[in-house]
Structures are given as C-alpha cells and as structure tokens.
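K.L.:
I'm passing along target34.cif; it holds mmCIF, C-alpha atoms and all ligand atoms.
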data_data
#
loop_
_atom_site.group_PDB
_atom_site.id
_atom_site.type_symbol
_atom_site.label_atom_id
_atom_site.label_comp_id
_atom_site.auth_asym_id
_atom_site.auth_seq_id
_atom_site.Cartn_x
_atom_site.Cartn_y
_atom_site.Cartn_z
ATOM 1 C CA MET O 1 -20.555 19.969 64.859
ATOM 2 C CA VAL O 2 -22.071 21.525 61.769
ATOM 3 C CA GLU O 3 -25.835 21.828 62.017
ATOM 4 C CA ARG O 4 -27.314 19.364 59.573
ATOM 5 C CA GLN O 5 -30.074 20.208 57.158
ATOM 6 C CA SER O 6 -32.434 17.517 55.942
ATOM 7 C CA PRO O 7 -32.558 16.957 52.178
ATOM 8 C CA LEU O 8 -36.248 16.135 52.611
ATOM 9 C CA GLU O 9 -37.664 19.554 53.538
ATOM 10 C CA PRO O 10 -40.888 19.962 51.540
ATOM 11 C CA ALA O 11 -41.065 22.667 48.895
ATOM 12 C CA PRO O 12 -44.353 24.604 48.452
ATOM 13 C CA LEU O 13 -45.471 22.424 45.536
ATOM 14 C CA GLU O 14 -44.724 19.143 47.290
ATOM 15 C CA PRO O 15 -47.572 18.689 49.782
ATOM 16 C CA GLU O 16 -46.992 14.924 49.894
ATOM 17 C CA LEU O 17 -43.715 15.523 51.739
ATOM 18 C CA ARG O 18 -45.451 17.269 54.641
ATOM 19 C CA THR O 19 -46.287 15.544 57.893
ATOM 20 C CA GLY O 20 -49.787 14.110 57.945
ATOM 21 C CA SER O 21 -51.807 11.479 56.117
ATOM 22 C CA HIS O 22 -51.671 11.142 52.356
ATOM 23 C CA GLY O 23 -52.895 8.962 49.534
ATOM 24 C CA ASP O 24 -55.739 6.534 49.982
ATOM 25 C CA PHE O 25 -55.899 6.719 53.792
ATOM 26 C CA GLU O 26 -59.690 6.758 54.233
ATOM 27 C CA HIS O 27 -59.540 3.022 54.963
ATOM 28 C CA GLY O 28 -56.573 3.387 57.274
ATOM 29 C CA VAL O 29 -52.899 4.251 57.196
ATOM 30 C CA ASP O 30 -50.920 1.133 56.339
ATOM 31 C CA VAL O 31 -47.471 2.686 56.072
ATOM 32 C CA ILE O 32 -45.653 5.339 58.102
ATOM 33 C CA LEU O 33 -42.687 7.149 56.545
ATOM 34 C CA SER O 34 -40.169 9.123 58.563
ATOM 35 C CA GLU O 35 -36.607 10.361 58.448
ATOM 36 C CA THR O 36 -34.793 9.014 61.485
ATOM 37 C CA ARG O 37 -31.870 11.458 61.336
ATOM 38 C CA PRO O 38 -29.260 9.452 63.228
ATOM 39 C CA ARG O 39 -26.291 11.631 64.178
ATOM 40 C CA SER O 40 -23.708 8.960 63.399
ATOM 41 C CA ILE O 41 -23.560 6.653 60.388
ATOM 42 C CA LEU O 42 -20.291 4.762 60.042
ATOM 43 C CA GLN O 43 -18.897 2.192 57.670
ATOM 44 C CA LEU O 44 -16.416 -0.216 59.229
ATOM 45 C CA ALA O 45 -14.246 -2.558 57.195
ATOM 46 C CA ALA O 46 -11.937 -5.300 58.446
ATOM 47 C CA TRP O 47 -8.737 -6.315 56.708
ATOM 48 C CA PRO O 48 -8.851 -9.960 55.601
ATOM 49 C CA GLY O 49 -8.518 -12.168 58.690
ATOM 50 C CA GLN O 50 -9.385 -9.340 61.106
ATOM 51 C CA GLU O 51 -13.167 -9.755 60.936
ATOM 52 C CA LYS O 52 -13.504 -11.236 64.439
ATOM 53 C CA GLU O 53 -11.439 -8.411 65.945
ATOM 54 C CA LEU O 54 -13.650 -5.844 64.263
ATOM 55 C CA ILE O 55 -16.850 -7.560 65.422
ATOM 56 C CA SER O 56 -15.556 -7.629 68.974
ATOM 57 C CA GLY O 57 -14.636 -3.929 68.664
ATOM 58 C CA ILE O 58 -18.192 -3.159 67.560
ATOM 59 C CA ARG O 59 -19.456 -4.971 70.635
ATOM 60 C CA THR O 60 -17.088 -3.047 72.890
ATOM 61 C CA VAL O 61 -18.221 0.333 71.584
ATOM 62 C CA THR O 62 -21.943 -0.244 70.960
ATOM 63 C CA GLY O 63 -22.795 -3.130 73.284
ATOM 64 C CA LEU O 64 -24.365 -4.863 70.286
ATOM 65 C CA ALA O 65 -23.458 -8.474 69.544
ATOM 66 C CA LEU O 66 -23.394 -9.361 65.867
ATOM 67 C CA PRO O 67 -24.945 -12.734 65.078
ATOM 68 C CA ASP O 68 -23.014 -15.004 62.713
ATOM 69 C CA GLY O 69 -23.727 -14.958 59.030
ATOM 70 C CA ALA O 70 -23.838 -12.755 55.949
ATOM 71 C CA GLY O 71 -25.975 -9.656 56.439
ATOM 72 C CA ALA O 72 -26.596 -10.397 60.105
ATOM 73 C CA GLY O 73 -27.170 -7.503 62.468
ATOM 74 C CA SER O 74 -28.889 -6.213 65.548
ATOM 75 C CA THR O 75 -30.415 -3.059 66.979
ATOM 76 C CA ASP O 76 -31.379 -1.764 70.407
ATOM 77 C CA GLY O 77 -33.471 1.103 69.061
ATOM 78 C CA VAL O 78 -30.693 3.663 69.627
ATOM 79 C CA LYS O 79 -27.689 1.980 68.064
ATOM 80 C CA SER O 80 -27.801 -0.403 65.128
ATOM 81 C CA VAL O 81 -25.293 -2.546 63.288
ATOM 82 C CA PHE O 82 -25.469 -4.866 60.301
ATOM 83 C CA GLY O 83 -23.134 -6.505 57.802
ATOM 84 C CA PHE O 84 -23.535 -5.218 54.245
ATOM 85 C CA ALA O 85 -20.563 -6.918 52.545
ATOM 86 C CA PRO O 86 -17.875 -9.453 53.463
ATOM 87 C CA GLY O 87 -16.014 -7.996 56.470
ATOM 88 C CA LYS O 88 -17.893 -4.697 56.233
ATOM 89 C CA PHE O 89 -20.468 -3.263 58.596
ATOM 90 C CA THR O 90 -22.704 -0.236 58.908
ATOM 91 C CA VAL O 91 -22.929 1.100 62.464
ATOM 92 C CA VAL O 92 -25.483 3.763 63.363
ATOM 93 C CA ASP O 93 -26.093 5.763 66.512
ATOM 94 C CA GLU O 94 -28.739 8.376 67.324
ATOM 95 C CA ALA O 95 -25.991 10.369 69.063
ATOM 96 C CA GLU O 96 -23.084 11.983 67.267
ATOM 97 C CA GLY O 97 -19.459 11.124 67.954
ATOM 98 C CA LEU O 98 -19.554 7.403 67.227
ATOM 99 C CA GLY O 99 -16.580 7.791 64.898
ATOM 100 C CA SER O 100 -14.291 9.035 67.634
ATOM 101 C CA ALA O 101 -15.536 6.282 69.956
ATOM 102 C CA PHE O 102 -14.176 3.764 67.457
ATOM 103 C CA ALA O 103 -10.886 5.574 66.859
ATOM 104 C CA ASN O 104 -8.966 3.760 69.605
ATOM 105 C CA VAL O 105 -10.791 0.432 69.202
ATOM 106 C CA VAL O 106 -10.546 -0.212 65.475
ATOM 107 C CA THR O 107 -6.809 0.249 65.102
ATOM 108 C CA PRO O 108 -5.143 0.538 61.683
ATOM 109 C CA ALA O 109 -4.094 -3.110 62.060
ATOM 110 C CA ILE O 110 -7.742 -4.224 62.313
ATOM 111 C CA GLY O 111 -9.445 -2.149 59.664
ATOM 112 C CA THR O 112 -10.911 1.199 58.732
ATOM 113 C CA VAL O 113 -13.626 3.535 60.031
ATOM 114 C CA THR O 114 -15.363 5.813 57.532
ATOM 115 C CA ASP O 115 -17.759 8.454 58.796
ATOM 116 C CA LEU O 116 -20.729 8.735 56.423
ATOM 117 C CA SER O 117 -22.982 10.670 58.809
ATOM 118 C CA HIS O 118 -23.354 13.579 56.373
ATOM 119 C CA GLY O 119 -23.418 11.405 53.267
ATOM 120 C CA ARG O 120 -26.383 9.147 53.951
ATOM 121 C CA THR O 121 -30.028 9.791 54.697
ATOM 122 C CA ALA O 122 -31.939 7.303 56.832
ATOM 123 C CA ILE O 123 -35.562 6.716 55.875
ATOM 124 C CA ARG O 124 -37.848 4.525 57.972
ATOM 125 C CA ILE O 125 -40.866 2.725 56.584
ATOM 126 C CA ALA O 126 -43.125 1.018 59.100
ATOM 127 C CA GLY O 127 -46.555 -0.534 59.204
ATOM 128 C CA PRO O 128 -48.453 -3.599 58.051
ATOM 129 C CA LYS O 129 -47.821 -2.848 54.347
ATOM 130 C CA ALA O 130 -44.126 -1.892 54.681
ATOM 131 C CA GLU O 131 -42.970 -5.254 53.311
ATOM 132 C CA TRP O 132 -45.420 -5.007 50.458
ATOM 133 C CA VAL O 133 -44.395 -1.480 49.440
ATOM 134 C CA LEU O 134 -40.693 -2.337 49.578
ATOM 135 C CA ALA O 135 -41.284 -5.453 47.477
ATOM 136 C CA LYS O 136 -42.341 -3.090 44.686
ATOM 137 C CA PHE O 137 -38.903 -1.448 44.854
ATOM 138 C CA PHE O 138 -36.404 -4.183 45.498
ATOM 139 C CA ALA O 139 -36.113 -7.694 44.066
ATOM 140 C CA ILE O 140 -35.212 -9.321 47.390
ATOM 141 C CA ASP O 141 -37.175 -11.484 49.804
ATOM 142 C CA PHE O 142 -38.663 -9.327 52.570
ATOM 143 C CA ALA O 143 -40.463 -12.180 54.350
ATOM 144 C CA LEU O 144 -39.501 -12.368 58.008
ATOM 145 C CA PRO O 145 -37.901 -15.864 57.874
ATOM 146 C CA ALA O 146 -35.665 -14.776 54.945
ATOM 147 C CA PHE O 147 -34.976 -11.289 56.316
ATOM 148 C CA PRO O 148 -34.976 -11.465 60.115
ATOM 149 C CA VAL O 149 -35.128 -8.491 62.497
ATOM 150 C CA GLY O 150 -31.713 -6.844 62.764
ATOM 151 C CA ALA O 151 -30.443 -8.176 59.438
ATOM 152 C CA GLY O 152 -29.216 -5.907 56.647
ATOM 153 C CA ARG O 153 -29.267 -6.087 52.852
ATOM 154 C CA SER O 154 -27.347 -4.212 50.163
ATOM 155 C CA THR O 155 -29.334 -3.702 47.020
ATOM 156 C CA MET O 156 -30.486 -0.978 44.676
ATOM 157 C CA HIS O 157 -33.520 0.629 43.140
ATOM 158 C CA HIS O 158 -32.971 2.047 39.630
ATOM 159 C CA ASP O 159 -29.256 2.476 40.326
ATOM 160 C CA VAL O 160 -29.933 4.159 43.674
ATOM 161 C CA PHE O 161 -27.821 2.094 46.023
ATOM 162 C CA ALA O 162 -29.628 1.246 49.255
ATOM 163 C CA GLN O 163 -28.740 -0.464 52.483
ATOM 164 C CA ILE O 164 -31.791 -1.803 54.270
ATOM 165 C CA GLN O 165 -31.953 -2.958 57.865
ATOM 166 C CA ARG O 166 -35.016 -4.597 59.311
ATOM 167 C CA THR O 167 -35.442 -2.935 62.705
ATOM 168 C CA GLY O 168 -38.808 -4.493 63.561
ATOM 169 C CA ALA O 169 -41.225 -7.139 62.334
ATOM 170 C CA ASP O 170 -42.905 -4.506 60.141
ATOM 171 C CA GLN O 171 -40.242 -1.787 60.155
ATOM 172 C CA PHE O 172 -37.270 -1.134 57.857
ATOM 173 C CA ASP O 173 -34.568 1.555 57.896
ATOM 174 C CA ILE O 174 -33.219 2.422 54.445
ATOM 175 C CA TYR O 175 -29.907 4.227 54.002
ATOM 176 C CA VAL O 176 -29.500 6.026 50.684
ATOM 177 C CA PHE O 177 -26.993 8.548 49.376
ATOM 178 C CA ARG O 178 -28.011 11.975 50.569
ATOM 179 C CA SER O 179 -28.093 13.327 47.016
ATOM 180 C CA PHE O 180 -30.642 10.671 46.015
ATOM 181 C CA ALA O 181 -32.690 10.885 49.211
ATOM 182 C CA ARG O 182 -35.249 13.389 47.999
ATOM 183 C CA SER O 183 -36.038 11.536 44.803
ATOM 184 C CA PHE O 184 -36.084 8.195 46.595
ATOM 185 C CA TRP O 185 -38.395 9.563 49.292
ATOM 186 C CA LYS O 186 -40.825 10.872 46.704
ATOM 187 C CA ALA O 187 -40.843 7.531 44.906
ATOM 188 C CA LEU O 188 -41.541 5.857 48.242
ATOM 189 C CA CYS O 189 -44.438 8.257 48.819
ATOM 190 C CA HIS O 190 -45.901 7.491 45.405
ATOM 191 C CA ALA O 191 -45.569 3.745 45.974
ATOM 192 C CA SER O 192 -47.313 4.127 49.334
ATOM 193 C CA GLU O 193 -50.243 6.163 48.004
ATOM 194 C CA GLU O 194 -52.490 3.208 47.314
ATOM 195 C CA VAL O 195 -52.163 1.799 50.835
ATOM 196 C CA GLY O 196 -52.493 5.155 52.598
ATOM 197 C CA TYR O 197 -49.423 6.613 54.251
ATOM 198 C CA GLU O 198 -48.546 9.025 56.985
ATOM 199 C CA VAL O 199 -45.439 11.197 57.051
ATOM 200 C CA GLN O 200 -44.077 11.729 60.538
ATOM 201 C CA MET D 1 -30.863 -14.343 34.951
ATOM 202 C CA LEU D 2 -30.075 -14.735 38.634
ATOM 203 C CA ILE D 3 -26.592 -14.825 40.117
ATOM 204 C CA THR D 4 -26.324 -16.245 43.609
ATOM 205 C CA CYS D 5 -23.838 -13.981 45.367
ATOM 206 C CA PRO D 6 -21.968 -15.915 48.079
ATOM 207 C CA TYR D 7 -22.707 -13.048 50.460
ATOM 208 C CA CYS D 8 -26.103 -11.663 49.407
ATOM 209 C CA GLY D 9 -27.874 -14.709 47.975
ATOM 210 C CA PRO D 10 -29.756 -14.855 44.659
ATOM 211 C CA ARG D 11 -30.014 -11.469 42.949
ATOM 212 C CA ASP D 12 -31.151 -10.213 39.589
ATOM 213 C CA VAL D 13 -28.425 -9.754 36.987
ATOM 214 C CA ILE D 14 -29.174 -6.010 36.904
ATOM 215 C CA GLU D 15 -27.306 -5.693 40.224
ATOM 216 C CA PHE D 16 -24.114 -7.079 38.671
ATOM 217 C CA THR D 17 -21.465 -5.652 36.359
ATOM 218 C CA TYR D 18 -19.562 -7.877 33.964
ATOM 219 C CA GLN D 19 -15.834 -7.492 34.483
ATOM 220 C CA GLY D 20 -14.660 -9.620 31.616
ATOM 221 C CA ASP D 21 -13.308 -13.013 30.710
ATOM 222 C CA GLY D 22 -12.028 -14.838 33.775
ATOM 223 C CA ASN D 23 -9.477 -16.856 31.820
ATOM 224 C CA ARG D 24 -7.147 -13.979 31.083
ATOM 225 C CA GLU D 25 -3.743 -14.107 32.669
ATOM 226 C CA ARG D 26 -2.247 -10.671 33.166
ATOM 227 C CA PRO D 27 1.516 -10.581 32.550
ATOM 228 C CA GLN D 28 3.693 -9.013 35.210
ATOM 229 C CA PRO D 29 3.524 -5.210 34.812
ATOM 230 C CA ALA D 30 7.203 -5.054 33.784
ATOM 231 C CA SER D 31 6.907 -7.888 31.295
ATOM 232 C CA GLN D 32 8.063 -7.164 27.759
ATOM 233 C CA ASP D 33 6.630 -10.407 26.408
ATOM 234 C CA LEU D 34 4.533 -8.943 23.617
ATOM 235 C CA ASP D 35 2.853 -12.252 22.837
ATOM 236 C CA ALA D 36 1.694 -12.535 26.435
ATOM 237 C CA TRP D 37 0.335 -8.973 26.407
ATOM 238 C CA ASN D 38 -1.338 -9.572 23.060
ATOM 239 C CA ALA D 39 -2.997 -12.706 24.419
ATOM 240 C CA TYR D 40 -4.108 -10.862 27.556
ATOM 241 C CA VAL D 41 -5.645 -7.986 25.651
ATOM 242 C CA TYR D 42 -7.111 -9.714 22.599
ATOM 243 C CA ASN D 43 -7.360 -13.487 22.845
ATOM 244 C CA ARG D 44 -10.670 -14.878 24.057
ATOM 245 C CA LEU D 45 -11.870 -18.473 24.126
ATOM 246 C CA ASN D 46 -15.446 -17.569 23.227
ATOM 247 C CA PRO D 47 -16.751 -21.037 24.141
ATOM 248 C CA ALA D 48 -20.241 -22.301 23.404
ATOM 249 C CA GLY D 49 -20.774 -23.675 26.884
ATOM 250 C CA ASP D 50 -19.277 -23.096 30.331
ATOM 251 C CA HIS D 51 -17.279 -19.890 30.526
ATOM 252 C CA ASN D 52 -15.175 -18.485 33.361
ATOM 253 C CA GLU D 53 -16.184 -14.908 34.025
ATOM 254 C CA ILE D 54 -15.518 -12.117 36.497
ATOM 255 C CA TRP D 55 -18.545 -10.215 37.742
ATOM 256 C CA GLN D 56 -18.884 -7.529 40.394
ATOM 257 C CA HIS D 57 -21.928 -7.335 42.622
ATOM 258 C CA SER D 58 -21.859 -3.576 42.086
ATOM 259 C CA GLY D 59 -25.461 -3.055 43.180
ATOM 260 C CA GLY D 60 -25.031 -5.071 46.375
ATOM 261 C CA CYS D 61 -22.039 -6.058 48.479
ATOM 262 C CA ARG D 62 -19.686 -4.865 45.717
ATOM 263 C CA ALA D 63 -17.575 -8.035 45.947
ATOM 264 C CA HIS D 64 -15.822 -9.296 42.824
ATOM 265 C CA LEU D 65 -16.980 -12.761 41.894
ATOM 266 C CA ARG D 66 -15.669 -15.631 39.840
ATOM 267 C CA VAL D 67 -18.653 -17.022 37.946
ATOM 268 C CA VAL D 68 -18.993 -19.997 35.616
ATOM 269 C CA ARG D 69 -21.811 -19.227 33.186
ATOM 270 C CA ASN D 70 -23.007 -21.352 30.313
ATOM 271 C CA THR D 71 -23.045 -19.116 27.255
ATOM 272 C CA LEU D 72 -25.759 -21.247 25.603
ATOM 273 C CA THR D 73 -28.205 -21.572 28.479
ATOM 274 C CA HIS D 74 -27.152 -18.820 30.928
ATOM 275 C CA GLU D 75 -27.051 -21.522 33.569
ATOM 276 C CA ILE D 76 -24.654 -20.543 36.323
ATOM 277 C CA SER D 77 -22.851 -23.544 37.730
ATOM 278 C CA SER D 78 -20.588 -21.853 40.267
ATOM 279 C CA VAL D 79 -20.040 -18.520 41.999
ATOM 280 C CA ALA D 80 -17.161 -17.762 44.339
ATOM 281 C CA PHE D 81 -15.411 -14.705 45.718
ATOM 282 C CA ALA D 82 -12.612 -13.613 43.383
ATOM 283 C CA ARG D 83 -10.551 -12.469 46.364
ATOM 284 C CA GLY D 84 -7.649 -14.738 47.247
ATOM 285 C CA ASP D 85 -6.383 -17.547 45.070
ATOM 286 C CA HIS D 86 -8.333 -16.599 41.986
ATOM 287 C CA LYS D 87 -6.781 -19.160 39.702
ATOM 288 C CA SER D 88 -7.866 -22.226 41.615
ATOM 289 C CA VAL D 89 -11.603 -21.781 41.346
ATOM 290 C CA ALA D 90 -13.457 -23.443 38.480
ATOM 291 C CA ARG D 91 -10.689 -22.791 36.011
ATOM 292 C CA HIS D 92 -10.679 -26.373 34.843
ATOM 293 C CA LYS D 93 -14.274 -26.116 33.698
ATOM 294 C CA THR D 94 -13.442 -24.277 30.516
ATOM 295 C CA GLU D 95 -12.190 -26.569 27.838
ATOM 296 C CA GLY D 96 -9.344 -25.681 25.559
ATOM 297 C CA LYS D 97 -7.382 -23.663 28.119
ATOM 298 C CA SER D 98 -3.789 -24.838 28.315
HETATM 299 ZN ZN ZN B 301 -23.266 -9.564 46.990
#
Take the structure from the file and write it as structure tokens.
P.N.:
Amino acid sequence: MVERQSPLEPAPLEPELRTGSHGDFEHGVDVILSETRPRSILQLAAWPGQEKELISGIRTVTGLALPDGAGAGSTDGVKSVFGFAPGKFTVVDEAEGLGSAFANVVTPAIGTVTDLSHGRTAIRIAGPKAEWVLAKFFAIDFALPAFPVGAGRSTMHHDVFAQIQRTGADQFDIYVFRSFARSFWKALCHASEEVGYEVQ
Amino acid sequence: MLITCPYCGPRDVIEFTYQGDGNRERPQPASQDLDAWNAYVYNRLNPAGDHNEIWQHSGGCRAHLRVVRNTLTHEISSVAFARGDHKSVARHKTEGKS
C-alpha cells in the first residue's frame, strides 16, 4: 500500500494547524479537532431493488447493523457506516483492505464498491461546542433528536461537499474531498477560535 | 426557499440545481419528428402558478427530484424522486398541458 501523506501538515506560517490549544482557550477548550486518518473509506451503491442485499452484505463484512431510514447509520469506534443517498452508503474502517473484503460479498448483481480511501479526508470535531461550531457551517439541524448518533448527512459548505456522521453525542466525523481538506480545516479552525480549540 | 428532499429533509435552495422544465417530453432519439423536437427544445408553458420542475439535490444526496413549485409564491407543493415512472407524479397539476 502506498504510504499516505496528510493534506493537513502545517506549513511554517500556519501555527493554528499545529497540535495544541488555540484561539480563546483561556476559559477552556470547547472543541477538539483531529484528523482520524481511517485507512479505508468506501462508497457502496445498490442497484434499484438490491438495497436489502447490500445492507446485509455490509453487516456480514463489518458486523454493523444499519437501522432503517434515510441517513441512518452506526459505528463501533473502529468501523462506521451510514447512508448518504438512496441506496448508497459510506463505509469506513481504521484498517486498510476493506475494499477487498467487500469484493466477494457485494457482487456485480447487487451493486458497486468504490474505494475513496485516498480521495477523502476525515476530520473529527468533538466537544461541548461541536454542534454550535458546525451550525455556523451547515444549514442542517444538528440537535441530537434530529441527528442521532450513527446517522449521516450529505450537505455542503460553500460548494465544498461534505458527508457528516455523528459518532458521539458531541462528536462528528466530516468527510471532505482531499483537495478541499486543507481549506476546510482552516475554516473550521477559524470558526472554532472564539470557543477555544485544541488540535490533536 | 426550502426544498424538502425525500431523502435528506428540508434543505436550502442553494444545495439544489435546477434541471429544467419537468413537462418536456423527449422524443425517441431516432425520431425525425421535427415538430416534436422543436417542442422539446423550445416550447415552455411558463405558467403563473404551479409548475412541474426537475431539480437535483447536487449539494446533498445528488438525487434527481420532481418538484411542483408555484412560480408566484415559491410555495413547493410536492417533491418526489424523479427515478422510475417520472410521468405519473404531479403532472396533472400544471394546467394547459395536453
Ligand atoms: Zn437529498
């Protein structure tokens, strides 16, 4: 496997990208930003009528059961899955090789497997103000009853397409195109300044 | 203006791309019926009221949607996936279509 390089390495004039506390953190750090660097990021799509087969294939490979409903998902902290469009799912694993694990399960009759591991960057925002910071970016409802743990949302910020999965009561994983990751990360840092943030 | 995507729920119009008049009927690719092609390319109902439209949720689930939007009030009275039998949904709502 090709050794992957993060698009978020700080340049000399970008101290806010370095690990540590930034912004207005004297009164506490209310948001923690990190790059989770999962080794596998896949997009699975079912042909019309094959959705149930695909969902059962996801369960076979990951052990994760997908709840019913649009945008539903689940995570066990290592593997994650969520629906982002009708019959389409993002599946993530900390380990590499998830694509080949699906090769014999999602047959051409069921649907397609697209490996996006090198094409997406996963950014985690956690902490008591995570919801509040994200609400400045995206015009969707981040309240827990409307956006339960495990669920995913497809949306965008200034034409930067983003898939967001809630992986904890106050934790969200955001998948953006790798080429936009650096700019998106910096915007996230700026939006987090006023609540105090830590880069991990 | 909000469009309630059947998959994603209510979203701002900025997430959507207009894909044109939903009343158009594309002739078969091999058709040499020039009147039919002319109607497909140029003729629009331009109603002052409910209008059948195709939108794509390009900044979300990327599904193509069949939307009925009131051109006077921007009120959206129905949204459905365009996939499948696209002619059956809400077509009757636009007056003057034969
Ligand atoms: Zn949608």
K.L.:
Determine the nearest neighbour of chain D from the options O:Val105, O:Val91, O:Ile140, O:Leu188, counting all atoms listed in the file.
P.N.:
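Smallest separation from chain D among the options: O:Ile140.
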K.L.:
Could you give me, as a list of chain:residue names, every polymer residue with an atom at most 7 Å away from an atom of ligand ZN 301 (chain B), counting all atoms listed in the file?
P.N.:
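Final answer, ordered by chain and number: O:Ala85, D:Cys5, D:Pro6, D:Tyr7, D:Cys8, D:Gly9, D:His57, D:Gly60, D:Cys61, D:Arg62, D:Ala63.
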K.L.:
Using only C-alpha atoms, which of the listed residues (O:Pro148, O:Ile174, O:Glu94, O:Val195) sits closest to Asp76 (chain O)?
P.N.:
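The answer is O:Glu94, which sits nearest to Asp76 (chain O).
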K.L.:
Within 12 Å of (-14.1, -11.0, 48.5) (coordinates as in the file), grab all the protein and nucleic acid residues, counting all atoms listed in the file, and write them out as a ChimeraX atom specification.
P.N.:
/O:46-49,85-88 /D:5-7,55-57,61-66,79-86
K.L.:
Separation of CA of Ser40 (chain O) and CA of Gly97 (chain O), in Å?
P.N.:
6.6 Å
K.L.:
Tell me, as a list in words, which residues lie within 12 Å of Thr107 (chain O), counting only C-alpha atoms; anything in the same chain fewer than 2 positions away does not count.
P.N.:
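The filter keeps Leu44, Ala45, Ala46, Trp47, Gln50, Glu53, Leu54, Gly57, Ser100, Ala101, Phe102, Ala103, Asn104, Val105, Ala109, Ile110, Gly111, Thr112 and Val113 of chain O.
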K.L.:
If you apply the PyMOL selection byres (((chain O and resi 182) around 10) and not hetatm) to this file, what residues do you get, as a ChimeraX atom specification?
P.N.:
/O:6-10,17,121,176-181,183-188
K.L.:
Check what the PyMOL selection byres (((chain D and resi 17) around 9) and not hetatm) selects in the file above and give those residues as an MDAnalysis selection string.
P.N.:
chainID D and resid 13:16 18:19 54:59
K.L.:
Since I can't run it myself right now, could you work out what the PyMOL selection byres ((chain O) within 8 of (chain D)) selects here and report it as a compact mmCIF listing (two decimals) with C-alpha atoms, in the coordinates of the input?
P.N.:
# COMPACT_ATOMS: atom_id res chain seq x y z
CA ALA O 70 -23.84 -12.76 55.95
CA GLY O 71 -25.98 -9.66 56.44
CA PHE O 84 -23.54 -5.22 54.24
CA ALA O 85 -20.56 -6.92 52.54
CA PRO O 86 -17.88 -9.45 53.46
CA ALA O 139 -36.11 -7.69 44.07
CA ILE O 140 -35.21 -9.32 47.39
CA ARG O 153 -29.27 -6.09 52.85
CA SER O 154 -27.35 -4.21 50.16
CA THR O 155 -29.33 -3.70 47.02
CA MET O 156 -30.49 -0.98 44.68
CA ASP O 159 -29.26 2.48 40.33
CA PHE O 161 -27.82 2.09 46.02
K.L.:
Please compute the CA of Gly69 (chain O)-CA of Phe172 (chain O) distance, one decimal, in Å.
P.N.:
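Value for the CA of Gly69 (chain O)-CA of Phe172 (chain O) distance: 19.4 Å.
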K.L.:
Would you list the residues near (-45.1, 15.1, 54.8), meaning any protein, DNA or RNA residue with an atom at most 7 Å from that point in file coordinates, counting all atoms listed in the file, as a PyMOL selection string?
P.N.:
chain O and resi 15-20+199-200
K.L.:
For CA of Ser74 (chain O) and CA of Tyr197 (chain O), quote the distance in Å rounded to one decimal.
P.N.:
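Between CA of Ser74 (chain O) and CA of Tyr197 (chain O) the gap works out to 26.7 Å.
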K.L.:
Got a sec: who's within 6 Å of region 68-73 of chain D, counting all atoms listed in the file, leaving out chain neighbours fewer than 2 positions off, as a ChimeraX atom specification?
P.N.:
/D:48-52,75-78
K.L.:
Counting all atoms listed in the file, figure out which residue out of O:Phe147, O:Phe89, O:Phe138, O:Phe25 gets nearest to Ser192 (chain O).
P.N.:
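Result for the nearest residue to Ser192 (chain O): O:Phe25.
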K.L.:
When you count all atoms listed in the file, which of these residues is closest to His157 (chain O): O:Leu64, O:Leu42, O:Tyr175, O:Val81?
P.N.:
O:Tyr175
